[in-house]
>>> print(open('data00.cif').read())   # mmCIF, C-alpha atoms
data_upload
#
loop_
_atom_site.label_atom_id
_atom_site.label_comp_id
_atom_site.auth_asym_id
_atom_site.auth_seq_id
_atom_site.Cartn_x
_atom_site.Cartn_y
_atom_site.Cartn_z
CA MET A 228 -0.44 7.52 22.91
CA PRO A 229 3.10 6.31 23.63
CA SER A 230 5.68 9.10 23.91
CA PRO A 231 7.47 8.48 20.56
CA TYR A 232 4.17 8.94 18.76
CA ARG A 233 3.20 11.96 20.85
CA ALA A 234 6.54 13.61 20.06
CA LEU A 235 6.01 12.86 16.39
CA PHE A 236 3.14 15.34 16.19
CA GLY A 237 5.03 18.21 17.81
CA HIS A 238 5.80 19.62 14.36
CA PRO A 239 3.23 22.11 13.02
CA GLY A 240 0.80 20.72 10.47
CA THR A 241 1.55 17.03 11.04
CA LYS A 242 -1.82 16.24 12.62
CA SER A 243 -3.71 17.82 9.75
CA PHE A 244 -1.86 16.13 6.90
CA SER A 245 -1.98 12.78 8.70
CA ALA A 246 -5.76 13.10 9.13
CA ALA A 247 -6.15 14.04 5.47
CA GLY A 248 -4.02 11.05 4.55
CA LEU A 249 -6.29 8.77 6.54
CA LEU A 250 -9.34 9.88 4.55
CA GLY A 251 -7.49 9.85 1.24
CA ARG A 252 -6.32 6.27 1.80
CA MET A 253 -9.69 4.82 2.74
CA PRO A 254 -10.43 3.97 -0.94
CA LEU A 255 -7.36 1.73 -0.91
CA SER A 256 -9.26 -0.69 1.31
CA MET A 257 -12.78 0.11 0.12
CA MET A 258 -12.80 0.44 -3.65
CA GLY A 259 -11.61 -3.00 -4.73
CA ILE A 260 -13.58 -5.00 -2.19
CA GLY A 261 -16.58 -2.71 -2.74
CA ILE A 262 -16.56 -3.43 -6.45
CA VAL A 263 -16.18 -7.16 -5.80
CA THR A 264 -19.19 -7.02 -3.48
CA MET A 265 -21.21 -4.81 -5.82
CA VAL A 266 -20.65 -6.87 -8.96
CA SER A 267 -21.13 -10.21 -7.19
CA GLN A 268 -24.46 -8.96 -5.85
CA LEU A 269 -25.62 -7.59 -9.19
CA THR A 270 -24.43 -10.47 -11.38
CA GLY A 271 -23.38 -13.37 -9.12
CA ARG A 272 -20.12 -13.60 -11.13
CA TYR A 273 -17.03 -13.64 -8.93
CA GLY A 274 -14.81 -14.03 -11.98
CA LEU A 275 -16.06 -10.73 -13.42
CA ALA A 276 -15.84 -9.05 -10.01
CA GLY A 277 -12.24 -10.15 -9.52
CA ALA A 278 -11.31 -9.13 -13.07
CA LEU A 279 -12.69 -5.61 -12.57
CA SER A 280 -10.84 -5.27 -9.29
CA ALA A 281 -7.71 -6.48 -11.05
CA THR A 282 -8.20 -3.93 -13.84
CA ILE A 283 -8.32 -1.08 -11.34
CA ALA A 284 -5.20 -2.37 -9.61
CA LEU A 285 -3.29 -2.77 -12.89
CA SER A 286 -4.32 0.69 -14.01
CA ALA A 287 -3.12 2.17 -10.72
CA ALA A 288 0.11 0.22 -11.13
CA ALA A 289 0.70 1.73 -14.56
CA LEU A 290 -0.35 5.30 -13.76
CA GLY A 291 0.72 5.65 -10.11
CA PRO A 292 4.49 5.96 -10.64
CA GLN A 293 3.97 8.42 -13.49
CA ILE A 294 1.77 10.60 -11.27
CA SER A 295 4.33 10.44 -8.46
CA ARG A 296 7.17 11.32 -10.83
CA LEU A 297 5.23 14.45 -11.81
CA VAL A 298 4.70 15.19 -8.10
CA ASP A 299 8.46 15.02 -7.47
CA ARG A 300 8.96 17.53 -10.28
CA HIS A 301 5.99 19.88 -9.86
CA GLY A 302 4.61 19.42 -6.34
CA GLN A 303 1.63 17.61 -4.84
CA ARG A 304 -1.06 20.26 -5.30
CA ARG A 305 -0.50 20.84 -9.03
CA VAL A 306 -0.61 17.13 -9.87
CA LEU A 307 -2.91 15.41 -7.36
CA ARG A 308 -6.02 17.51 -7.86
CA PRO A 309 -6.50 16.95 -11.61
CA ALA A 310 -5.55 13.26 -11.27
CA THR A 311 -8.17 12.82 -8.55
CA LEU A 312 -10.87 14.47 -10.65
CA VAL A 313 -10.21 12.01 -13.48
CA SER A 314 -10.48 9.07 -11.06
CA LEU A 315 -13.71 10.37 -9.52
CA ALA A 316 -15.31 10.78 -12.95
CA ALA A 317 -14.35 7.20 -13.80
CA VAL A 318 -15.86 5.89 -10.55
CA ALA A 319 -19.12 7.65 -11.40
CA GLY A 320 -19.11 6.04 -14.85
CA LEU A 321 -18.37 2.60 -13.41
CA LEU A 322 -21.20 2.76 -10.92
CA LEU A 323 -23.63 4.01 -13.53
CA SER A 324 -22.71 1.30 -16.03
CA ALA A 325 -23.05 -1.38 -13.34
CA GLN A 326 -26.40 -0.06 -12.15
CA GLN A 327 -27.76 0.19 -15.70
CA ARG A 328 -26.42 -3.29 -16.62
CA TRP A 329 -24.44 -1.97 -19.58
CA ALA A 330 -22.14 -4.30 -21.52
CA ASP A 331 -19.18 -5.76 -19.65
CA TRP A 332 -16.66 -3.87 -21.76
CA THR A 333 -17.95 -0.54 -20.47
CA LEU A 334 -17.24 -1.68 -16.93
CA PHE A 335 -13.63 -2.41 -17.87
CA VAL A 336 -13.17 0.94 -19.64
CA PHE A 337 -14.25 2.91 -16.58
CA ALA A 338 -12.33 0.58 -14.23
CA ALA A 339 -9.13 1.29 -16.17
CA CYS A 340 -9.61 5.04 -15.66
CA VAL A 341 -10.30 4.65 -11.93
CA GLY A 342 -6.62 3.71 -11.59
CA CYS A 343 -5.64 7.35 -12.06
CA VAL A 344 -6.04 7.68 -8.29
CA PRO A 345 -2.86 9.07 -6.68
CA SER A 346 -0.83 7.12 -4.12
CA VAL A 347 -1.84 9.14 -1.07
CA GLY A 348 0.26 7.02 1.29
CA SER A 349 3.40 7.87 -0.65
CA MET A 350 2.54 11.56 -0.50
CA ILE A 351 2.17 11.46 3.28
CA ARG A 352 5.39 9.49 3.78
CA ALA A 353 7.23 11.97 1.56
CA ARG A 354 6.08 14.76 3.90
CA TRP A 355 7.36 12.86 6.94
CA ALA A 356 10.68 12.20 5.17
CA ASP A 357 11.01 15.90 4.39
CA ILE A 358 10.39 16.83 8.03
CA HIS A 359 12.67 14.18 9.59
CA ARG A 360 15.44 14.00 7.00
CA GLY A 361 18.62 12.98 8.82
CA SER A 362 16.70 11.73 11.91
CA PRO A 363 16.32 7.95 11.39
CA ARG A 364 14.75 7.26 14.80
CA GLU A 365 11.95 9.77 14.27
CA LEU A 366 11.44 8.63 10.71
CA HIS A 367 11.13 5.02 11.89
CA THR A 368 8.33 6.10 14.25
CA ALA A 369 6.68 8.12 11.47
CA TYR A 370 6.69 5.18 9.08
CA ALA A 371 5.33 2.94 11.83
CA TRP A 372 2.56 5.47 12.47
CA GLU A 373 1.68 5.46 8.79
CA SER A 374 1.48 1.66 8.86
CA ILE A 375 -1.01 2.00 11.72
CA VAL A 376 -3.03 4.45 9.62
CA ASP A 377 -2.90 2.03 6.68
CA GLU A 378 -4.21 -0.81 8.79
CA THR A 379 -6.88 1.40 10.38
CA CYS A 380 -8.15 1.93 6.84
CA PHE A 381 -8.16 -1.82 6.28
CA ILE A 382 -9.96 -2.44 9.57
CA PHE A 383 -12.83 -0.04 8.95
CA GLY A 384 -12.79 0.27 5.15
CA PRO A 385 -14.04 -3.23 4.31
CA ILE A 386 -16.62 -3.05 7.10
CA LEU A 387 -18.03 0.17 5.64
CA SER A 388 -17.76 -0.91 2.02
CA ILE A 389 -19.16 -4.44 2.33
CA GLY A 390 -21.63 -3.44 5.03
CA LEU A 391 -23.14 -0.58 3.06
CA SER A 392 -23.22 -2.52 -0.21
CA THR A 393 -25.01 -5.48 1.38
CA ALA A 394 -27.32 -3.58 3.75
CA TRP A 395 -28.16 -0.48 1.70
CA PHE A 396 -27.60 -0.77 -2.07
CA PRO A 397 -24.82 -2.49 -4.06
CA GLU A 398 -23.12 0.71 -5.23
CA ALA A 399 -22.96 2.29 -1.77
CA GLY A 400 -19.46 1.05 -0.83
CA PRO A 401 -17.59 2.34 -3.90
CA LEU A 402 -19.60 5.58 -3.76
CA LEU A 403 -18.47 6.30 -0.20
CA ALA A 404 -14.88 5.41 -1.15
CA ALA A 405 -14.99 8.06 -3.87
CA GLY A 406 -16.21 10.59 -1.34
CA PHE A 407 -13.32 9.83 1.00
CA LEU A 408 -10.87 10.22 -1.88
CA ALA A 409 -12.20 13.64 -2.84
CA VAL A 410 -12.18 15.03 0.70
CA GLY A 411 -8.80 13.54 1.60
CA VAL A 412 -6.88 14.69 -1.47
CA PHE A 413 -8.30 18.20 -1.61
CA TRP A 414 -7.76 18.68 2.13
CA LEU A 415 -4.18 17.39 1.88
CA THR A 416 -3.26 19.56 -1.08
CA ALA A 417 -4.67 22.63 0.67
CA GLN A 418 -1.88 22.25 3.26
CA ARG A 419 1.02 23.97 1.52
CA ALA A 420 3.30 24.51 4.55
CA THR A 421 4.25 20.83 4.87
CA GLU A 422 4.31 20.04 1.15
CA PRO A 423 7.81 19.01 0.01
CA VAL A 424 9.31 21.65 -2.26
CA PRO A 425 10.07 20.30 -5.74
CA GLN A 426 13.78 20.24 -6.53
CA PRO A 427 15.11 22.42 -9.36
CA ARG A 428 14.90 20.73 -12.73
CA GLY A 429 18.69 20.40 -13.00
CA GLN A 430 18.91 18.37 -9.77
CA HIS A 431 16.49 15.66 -10.85
CA ALA A 432 18.01 12.24 -11.47
CA LYS A 433 17.64 11.02 -15.03
CA GLY A 434 15.43 8.05 -15.79
CA SER A 435 13.13 6.16 -13.48
CA ALA A 436 13.75 5.40 -9.83
CA LEU A 437 13.21 1.77 -10.80
CA ARG A 438 16.76 1.68 -12.15
CA SER A 439 17.85 1.05 -8.56
CA ARG A 440 18.68 -2.65 -8.19
CA GLY A 441 17.53 -2.63 -4.59
CA LEU A 442 14.18 -1.09 -5.48
CA GLN A 443 13.72 -3.73 -8.18
CA VAL A 444 13.94 -6.47 -5.54
CA LEU A 445 11.43 -4.72 -3.30
CA VAL A 446 8.94 -4.18 -6.13
CA VAL A 447 9.10 -7.74 -7.48
CA THR A 448 8.67 -9.16 -3.99
CA PHE A 449 5.72 -6.87 -3.43
CA VAL A 450 4.05 -8.21 -6.55
CA ALA A 451 3.86 -11.60 -4.83
CA THR A 452 2.91 -9.95 -1.54
CA GLY A 453 0.08 -8.05 -3.22
CA ALA A 454 -1.19 -11.30 -4.66
CA ILE A 455 -1.60 -12.50 -1.08
CA PHE A 456 -3.73 -9.49 -0.18
CA GLY A 457 -5.85 -9.56 -3.34
CA ALA A 458 -6.53 -13.26 -3.08
CA VAL A 459 -7.37 -13.15 0.63
CA ASP A 460 -9.94 -10.39 0.03
CA VAL A 461 -11.79 -12.23 -2.75
CA VAL A 462 -11.64 -15.68 -1.18
CA THR A 463 -12.76 -14.43 2.23
CA VAL A 464 -15.89 -12.82 0.74
CA ALA A 465 -16.67 -16.05 -1.10
CA PHE A 466 -15.91 -18.18 1.97
CA ALA A 467 -18.24 -16.10 4.12
CA GLU A 468 -20.98 -16.39 1.50
CA GLU A 469 -20.62 -20.19 1.43
CA GLU A 470 -20.96 -20.15 5.21
CA GLY A 471 -24.17 -18.15 4.87
CA HIS A 472 -22.79 -14.93 6.38
CA LYS A 473 -21.48 -12.81 3.52
CA ALA A 474 -21.60 -9.56 5.49
CA ALA A 475 -19.29 -11.14 8.10
CA ALA A 476 -16.46 -11.07 5.55
CA SER A 477 -15.85 -7.43 6.43
CA LEU A 478 -15.34 -8.32 10.11
CA VAL A 479 -12.99 -11.18 9.27
CA LEU A 480 -10.90 -8.94 7.00
CA ALA A 481 -10.89 -6.29 9.73
CA VAL A 482 -9.34 -8.82 12.11
CA TYR A 483 -6.63 -9.44 9.49
CA ALA A 484 -5.84 -5.72 9.45
CA LEU A 485 -6.07 -5.50 13.24
CA GLY A 486 -3.22 -7.98 13.59
CA SER A 487 -1.06 -5.78 11.38
CA CYS A 488 -2.12 -2.63 13.23
CA VAL A 489 -1.12 -4.09 16.62
CA ALA A 490 2.23 -5.25 15.28
CA GLY A 491 2.89 -1.87 13.65
CA ALA A 492 2.16 0.03 16.88
CA VAL A 493 4.61 -2.12 18.83
CA PHE A 494 7.22 -2.03 16.07
CA GLY A 495 7.26 1.77 16.10
CA LEU A 496 8.32 1.75 19.77
CA LEU A 497 11.37 -0.42 19.16
CA HIS A 498 14.91 0.80 18.55
CA LEU A 499 16.31 -2.01 16.47
CA LYS A 500 19.91 -2.85 15.68
CA GLY A 501 21.40 -4.24 12.49
CA HIS A 502 20.54 -3.54 8.90
CA ALA A 503 16.94 -3.33 7.72
CA SER A 504 17.47 -5.86 4.93
CA ARG A 505 17.69 -8.77 7.39
CA ARG A 506 14.46 -7.80 9.12
CA TRP A 507 12.81 -7.40 5.74
CA VAL A 508 13.64 -10.96 4.63
CA VAL A 509 12.42 -12.34 7.96
CA GLY A 510 9.17 -10.40 7.59
CA VAL A 511 8.51 -11.65 4.06
CA CYS A 512 9.16 -15.24 5.13
CA ALA A 513 6.84 -14.82 8.11
CA MET A 514 4.07 -13.65 5.76
CA ALA A 515 4.62 -16.73 3.62
CA VAL A 516 4.46 -19.16 6.55
CA SER A 517 1.33 -17.45 7.92
CA MET A 518 -0.61 -18.52 4.83
CA VAL A 519 -0.38 -22.21 5.78
CA PRO A 520 -3.05 -22.18 8.54
CA LEU A 521 -5.57 -20.62 6.13
CA GLN A 522 -5.68 -23.90 4.22
CA LEU A 523 -7.06 -25.62 7.33
CA ALA A 524 -9.71 -23.09 8.35
CA GLY A 525 -13.12 -24.74 8.33
CA SER A 526 -15.23 -21.96 9.86
CA LEU A 527 -15.31 -18.19 10.06
CA PRO A 528 -14.09 -17.98 13.71
CA VAL A 529 -11.10 -20.20 12.95
CA LEU A 530 -10.40 -18.21 9.81
CA ALA A 531 -10.49 -14.95 11.78
CA VAL A 532 -7.89 -16.25 14.26
CA ALA A 533 -5.65 -17.46 11.44
CA LEU A 534 -5.89 -14.11 9.65
CA PHE A 535 -5.11 -12.16 12.85
CA ILE A 536 -1.90 -14.15 13.25
CA ALA A 537 -1.10 -13.68 9.56
CA GLY A 538 -1.53 -9.93 9.93
CA LEU A 539 1.18 -9.62 12.58
CA SER A 540 3.95 -9.74 10.00
CA ILE A 541 2.51 -7.16 7.59
CA ALA A 542 3.13 -3.75 9.16
CA PRO A 543 6.71 -4.41 10.34
CA THR A 544 7.59 -5.59 6.83
CA MET A 545 6.02 -2.50 5.27
CA VAL A 546 7.84 -0.13 7.65
CA THR A 547 11.15 -1.82 6.87
CA THR A 548 10.41 -1.59 3.15
CA MET A 549 10.03 2.19 3.34
CA ALA A 550 13.39 2.44 5.11
CA LEU A 551 15.01 0.41 2.34
CA VAL A 552 13.38 2.52 -0.37
CA GLU A 553 14.83 5.63 1.26
CA GLU A 554 18.31 4.06 1.21
CA HIS A 555 18.24 2.94 -2.41
CA VAL A 556 16.45 5.84 -4.15
CA PRO A 557 17.70 9.43 -4.64
CA ARG A 558 15.90 12.08 -2.62
CA THR A 559 14.61 13.77 -5.78
CA GLN A 560 12.79 10.53 -6.69
CA LEU A 561 11.58 9.51 -3.23
CA THR A 562 7.84 9.84 -3.91
CA GLU A 563 8.21 7.89 -7.13
CA GLY A 564 10.27 5.20 -5.39
CA MET A 565 7.68 4.74 -2.66
CA THR A 566 4.94 4.60 -5.27
CA TRP A 567 6.77 1.83 -7.13
CA THR A 568 6.37 -0.40 -4.08
CA SER A 569 2.66 0.43 -4.08
CA THR A 570 2.65 -0.40 -7.79
CA GLY A 571 4.15 -3.79 -7.07
CA LEU A 572 1.41 -4.39 -4.54
CA ALA A 573 -1.24 -3.23 -7.01
CA VAL A 574 -0.01 -5.60 -9.72
CA GLY A 575 0.00 -8.42 -7.19
CA VAL A 576 -3.49 -7.56 -5.99
CA ALA A 577 -4.66 -7.66 -9.59
CA LEU A 578 -3.11 -11.06 -10.21
CA GLY A 579 -4.18 -12.46 -6.86
CA SER A 580 -7.78 -11.28 -7.00
CA SER A 581 -8.19 -12.47 -10.59
CA ALA A 582 -6.66 -15.88 -9.89
CA ALA A 583 -8.63 -16.26 -6.68
CA GLY A 584 -11.89 -15.37 -8.43
CA TRP A 585 -11.22 -18.02 -11.07
CA VAL A 586 -10.36 -20.67 -8.46
CA VAL A 587 -13.46 -19.85 -6.40
CA ASP A 588 -15.71 -20.10 -9.46
CA ALA A 589 -14.12 -23.39 -10.54
CA PHE A 590 -13.42 -25.20 -7.26
CA GLY A 591 -15.12 -23.32 -4.42
CA ALA A 592 -13.88 -21.02 -1.68
CA GLY A 593 -12.20 -23.79 0.29
CA ARG A 594 -9.57 -24.23 -2.43
CA GLY A 595 -9.22 -20.49 -2.95
CA TYR A 596 -6.72 -20.04 -0.12
CA LEU A 597 -4.20 -22.04 -2.14
CA VAL A 598 -3.67 -18.86 -4.18
CA PRO A 599 -2.28 -16.72 -1.31
CA GLY A 600 -0.30 -19.75 -0.15
CA VAL A 601 1.50 -20.03 -3.48
CA ALA A 602 1.98 -16.26 -3.62
CA GLY A 603 3.60 -16.27 -0.18
CA ALA A 604 6.04 -18.96 -1.22
CA LEU A 605 7.00 -16.97 -4.32
CA ALA A 606 7.55 -13.83 -2.22
CA ALA A 607 9.93 -15.69 0.08
CA VAL A 608 11.89 -17.11 -2.87
CA VAL A 609 12.31 -13.67 -4.47
CA ALA A 610 13.31 -12.07 -1.14
CA PHE A 611 16.04 -14.65 -0.57
CA ALA A 612 17.27 -14.39 -4.15
CA GLY A 613 17.49 -10.59 -4.04
CA TYR A 614 18.81 -10.16 -0.51
CA ARG A 615 22.36 -9.41 -1.70
CA ARG A 616 21.13 -6.31 -3.55
CA LEU A 617 19.69 -4.89 -0.33
CA ARG A 618 22.65 -5.45 1.97
CA PRO A 619 24.95 -2.49 2.73
CA ARG A 620 28.11 -2.45 0.69
CA PRO A 621 31.37 -2.42 2.71
CA LEU A 622 33.72 0.44 1.91
CA ALA A 623 36.99 -0.31 0.19
CA PRO A 624 40.09 0.52 2.32
CA GLY A 625 40.82 4.23 2.04
CA ALA A 626 37.70 4.97 0.04
CA PRO A 627 35.90 8.22 0.88
CA PRO A 628 32.41 7.95 2.36
CA VAL A 629 29.51 8.00 -0.08
CA ALA A 630 26.49 9.97 0.97
CA GLY A 631 23.29 7.94 1.17
CA HIS A 632 19.79 9.22 0.94
CA HIS A 633 19.96 10.84 4.36
CA GLY A 634 22.83 12.91 3.01
CA HIS A 635 22.68 13.98 -0.63
CA GLY A 636 20.51 11.44 -2.32
CA GLY A 637 23.01 8.82 -3.50
CA ARG A 638 21.71 5.34 -4.22
CA ASP A 639 24.09 3.37 -2.03
CA ALA A 640 24.98 4.46 1.49
CA PRO A 641 28.05 3.12 3.28
CA ALA A 642 27.59 0.37 5.78
CA GLU A 643 28.01 2.54 8.85
CA LYS A 644 25.53 5.13 7.56
CA GLN A 645 22.97 2.48 6.70
CA ASP A 646 23.32 0.85 10.10
CA GLU A 647 22.67 4.25 11.63
CA GLY A 648 19.50 4.52 9.56
CA SER A 649 18.41 0.91 9.86
CA ALA A 650 15.78 1.77 12.40
CA ALA A 651 14.25 4.24 10.01
#
>>> encode(input="data00.cif", output="structure tokens")
Amino acid sequence: MPSPYRALFGHPGTKSFSAAGLLGRMPLSMMGIGIVTMVSQLTGRYGLAGALSATIALSAAALGPQISRLVDRHGQRRVLRPATLVSLAAVAGLLLSAQQRWADWTLFVFAACVGCVPSVGSMIRARWADIHRGSPRELHTAYAWESIVDETCFIFGPILSIGLSTAWFPEAGPLLAAGFLAVGVFWLTAQRATEPVPQPRGQHAKGSALRSRGLQVLVVTFVATGAIFGAVDVVTVAFAEEEGHKAAASLVLAVYALGSCVAGAVFGLLHLKGHASRRWVVGVCAMAVSMVPLQLAGSLPVLAVALFIAGLSIAPTMVTTMALVEEHVPRTQLTEGMTWTSTGLAVGVALGSSAAGWVVDAFGAGRGYLVPGVAGALAAVVAFAGYRRLRPRPLAPGAPPVAGHHGHGGRDAPAEKQDEGSAA
């Protein structure tokens, strides 16, 4: 392991909570694609499969920030455990209703409750931010490490979920995802030493973290970005099935995540200059351009190469996003702010998977990659339009410095402070 990453785990408890976070995040890559695979096998209806996946994503988008706001106020252990139990019960109901061929509406009721799952990635990043507050270089490496963990989940998660559902029984993938969620969350919340201490009630900022204009830009852009991810998942499964190798979809999607994992590992070693907002816009535009080659892929090997290249822009953009969230959101709302970006992704995944399922059913998998292409273009447009909200504000002559998030939790840091933290 390169030295910056080795040094990262010198703090007590970091290895344990990072390992728990890995398990707790596996459902992020397994549940949606597992349900798509399960329902398509049981019914042959990709439209229904995509709609159920979208329902889970929308539910998580609605409930996730509320759960994280409670975490900021009351702590991770008190909130995450009951929320996880609700989600696990809903997964059990969804699998039972699918296996028993109950009416479609029952599937949607349980799918809506599955979204009570907590944003484990935000919880882990909040722990890193608490440990490395005021140390932007170390925090940059920590966020890069977490992007590697995210992509590791997306490398192995689809392989496990699709592989088990196709080779064993249709419900196997979502069932294993639920098991990972239970173990990961309960292991994480058992680690009290590294849990961020909730701030006193009087210090909490009023209202939602989404009042931040910078966070609004990040979230809206991530809606379009999530549509890329949701559409690519659904269309790739359908494309592989048309090619006669449905199980190979998991390998192709793993290559997509591998590209992001490689880029994230390298990105964490860099000490970059300039403000994070510029790198963020470049990353979003790179994701948009990388969708073009997918329209030309005529076979699974070509598709895998195109997706690997597309993945190279994902992790660096995600790392930069977390740095920008930290700049624009008060410290007492950090977990909620990070979860709002996940919410944007979840809404986008819902829209993208639903739209892609409809396009695949109507026109075939070959046309399905138009959906992530359009989503990428929209993401780039929003990023350009909102760039001014993310740039550091120059100080007026003679004005006193304003503490940013690395100081006392203000929304807008001065230019020199943000440049210092741009590598974070």
>>> closest_residue(input="data00.cif", among="A:Ser504, A:Thr463, A:Ser540, A:Thr452", to="Gly591 (chain A)", atoms="all atoms listed in the file")
A:Thr463
>>> atom_distance(input="data00.cif", atom1="CA of Gly457 (chain A)", atom2="CA of Leu527 (chain A)")
18.5 Å
>>> atom_distance(input="data00.cif", atom1="CA of Tyr232 (chain A)", atom2="CA of Thr368 (chain A)")
6.8 Å
>>> closest_residue(input="data00.cif", among="A:Ala287, A:Leu269, A:Cys343, A:Ala420", to="Trp329 (chain A)", atoms="all atoms listed in the file")
A:Leu269
>>> closest_residue(input="data00.cif", among="A:Leu279, A:Ile536, A:Cys380, A:Val266", to="Ala481 (chain A)", atoms="only C-alpha atoms")
A:Cys380
>>> closest_atom_pairs(input="data00.cif", of="region 251-357 of chain A", to="region 541-564 of chain A", cutoff="12 Å", atoms="all atoms listed in the file", output="JSON lines")
{"residue": "A:Ala288", "atom": "CA", "partner": "A:Glu563", "partner_atom": "CA", "distance": 11.9}
{"residue": "A:Leu290", "atom": "CA", "partner": "A:Glu563", "partner_atom": "CA", "distance": 11.1}
{"residue": "A:Gly291", "atom": "CA", "partner": "A:Glu563", "partner_atom": "CA", "distance": 8.4}
{"residue": "A:Pro292", "atom": "CA", "partner": "A:Glu563", "partner_atom": "CA", "distance": 5.5}
{"residue": "A:Gln293", "atom": "CA", "partner": "A:Glu563", "partner_atom": "CA", "distance": 7.7}
{"residue": "A:Ile294", "atom": "CA", "partner": "A:Glu563", "partner_atom": "CA", "distance": 8.1}
{"residue": "A:Ser295", "atom": "CA", "partner": "A:Glu563", "partner_atom": "CA", "distance": 4.8}
{"residue": "A:Arg296", "atom": "CA", "partner": "A:Glu563", "partner_atom": "CA", "distance": 5.2}
{"residue": "A:Leu297", "atom": "CA", "partner": "A:Glu563", "partner_atom": "CA", "distance": 8.6}
{"residue": "A:Val298", "atom": "CA", "partner": "A:Thr562", "partner_atom": "CA", "distance": 7.5}
{"residue": "A:Asp299", "atom": "CA", "partner": "A:Gln560", "partner_atom": "CA", "distance": 6.3}
{"residue": "A:Arg300", "atom": "CA", "partner": "A:Thr559", "partner_atom": "CA", "distance": 8.1}
{"residue": "A:His301", "atom": "CA", "partner": "A:Thr559", "partner_atom": "CA", "distance": 11.3}
{"residue": "A:Gly302", "atom": "CA", "partner": "A:Thr562", "partner_atom": "CA", "distance": 10.4}
{"residue": "A:Gln303", "atom": "CA", "partner": "A:Thr562", "partner_atom": "CA", "distance": 10.0}
{"residue": "A:Pro345", "atom": "CA", "partner": "A:Thr562", "partner_atom": "CA", "distance": 11.1}
{"residue": "A:Ser346", "atom": "CA", "partner": "A:Thr562", "partner_atom": "CA", "distance": 9.1}
{"residue": "A:Val347", "atom": "CA", "partner": "A:Thr562", "partner_atom": "CA", "distance": 10.1}
{"residue": "A:Gly348", "atom": "CA", "partner": "A:Thr562", "partner_atom": "CA", "distance": 9.6}
{"residue": "A:Ser349", "atom": "CA", "partner": "A:Thr562", "partner_atom": "CA", "distance": 5.8}
{"residue": "A:Met350", "atom": "CA", "partner": "A:Thr562", "partner_atom": "CA", "distance": 6.5}
{"residue": "A:Ile351", "atom": "CA", "partner": "A:Thr562", "partner_atom": "CA", "distance": 9.3}
{"residue": "A:Arg352", "atom": "CA", "partner": "A:Thr562", "partner_atom": "CA", "distance": 8.1}
{"residue": "A:Ala353", "atom": "CA", "partner": "A:Thr562", "partner_atom": "CA", "distance": 5.9}
{"residue": "A:Arg354", "atom": "CA", "partner": "A:Thr562", "partner_atom": "CA", "distance": 9.4}
{"residue": "A:Trp355", "atom": "CA", "partner": "A:Thr562", "partner_atom": "CA", "distance": 11.3}
{"residue": "A:Ala356", "atom": "CA", "partner": "A:Glu553", "partner_atom": "CA", "distance": 8.7}
{"residue": "A:Asp357", "atom": "CA", "partner": "A:Arg558", "partner_atom": "CA", "distance": 9.4}
>>> closest_residue(input="data00.cif", among="A:Gly274, A:Pro385, A:Gly261, A:Gly406", to="Thr311 (chain A)", atoms="only C-alpha atoms")
A:Gly406
>>> resolve_selection(input="data00.cif", expression="the PyMOL selection byres ((chain A and resi 383) around 10)", output="count of residues only")
20
>>> build_atoms(input="data00.cif", residues="region 373-382 of chain A", atoms="N, CA and C atoms", output="mmCIF file, in the coordinates of the input")
data_model
loop_
_atom_site.group_PDB
_atom_site.id
_atom_site.type_symbol
_atom_site.label_atom_id
_atom_site.label_comp_id
_atom_site.auth_asym_id
_atom_site.auth_seq_id
_atom_site.Cartn_x
_atom_site.Cartn_y
_atom_site.Cartn_z
ATOM 1 N N GLU A 373 2.396 5.556 10.059
ATOM 2 C CA GLU A 373 1.680 5.460 8.790
ATOM 3 C C GLU A 373 1.207 4.034 8.528
ATOM 4 N N SER A 374 1.954 3.038 8.992
ATOM 5 C CA SER A 374 1.480 1.660 8.860
ATOM 6 C C SER A 374 0.234 1.436 9.709
ATOM 7 N N ILE A 375 0.179 2.097 10.874
ATOM 8 C CA ILE A 375 -1.010 2.000 11.720
ATOM 9 C C ILE A 375 -2.203 2.644 11.001
ATOM 10 N N VAL A 376 -1.959 3.796 10.372
ATOM 11 C CA VAL A 376 -3.030 4.450 9.620
ATOM 12 C C VAL A 376 -3.498 3.562 8.474
ATOM 13 N N ASP A 377 -2.530 2.956 7.760
ATOM 14 C CA ASP A 377 -2.900 2.030 6.680
ATOM 15 C C ASP A 377 -3.822 0.938 7.178
ATOM 16 N N GLU A 378 -3.433 0.317 8.284
ATOM 17 C CA GLU A 378 -4.210 -0.810 8.790
ATOM 18 C C GLU A 378 -5.534 -0.360 9.389
ATOM 19 N N THR A 379 -5.589 0.864 9.929
ATOM 20 C CA THR A 379 -6.880 1.400 10.380
ATOM 21 C C THR A 379 -7.847 1.483 9.206
ATOM 22 N N CYS A 380 -7.309 1.902 8.057
ATOM 23 C CA CYS A 380 -8.150 1.930 6.840
ATOM 24 C C CYS A 380 -8.645 0.531 6.505
ATOM 25 N N PHE A 381 -7.768 -0.458 6.641
ATOM 26 C CA PHE A 381 -8.160 -1.820 6.280
ATOM 27 C C PHE A 381 -9.018 -2.487 7.348
ATOM 28 N N ILE A 382 -9.039 -1.933 8.546
ATOM 29 C CA ILE A 382 -9.960 -2.440 9.570
ATOM 30 C C ILE A 382 -11.378 -1.939 9.286
#
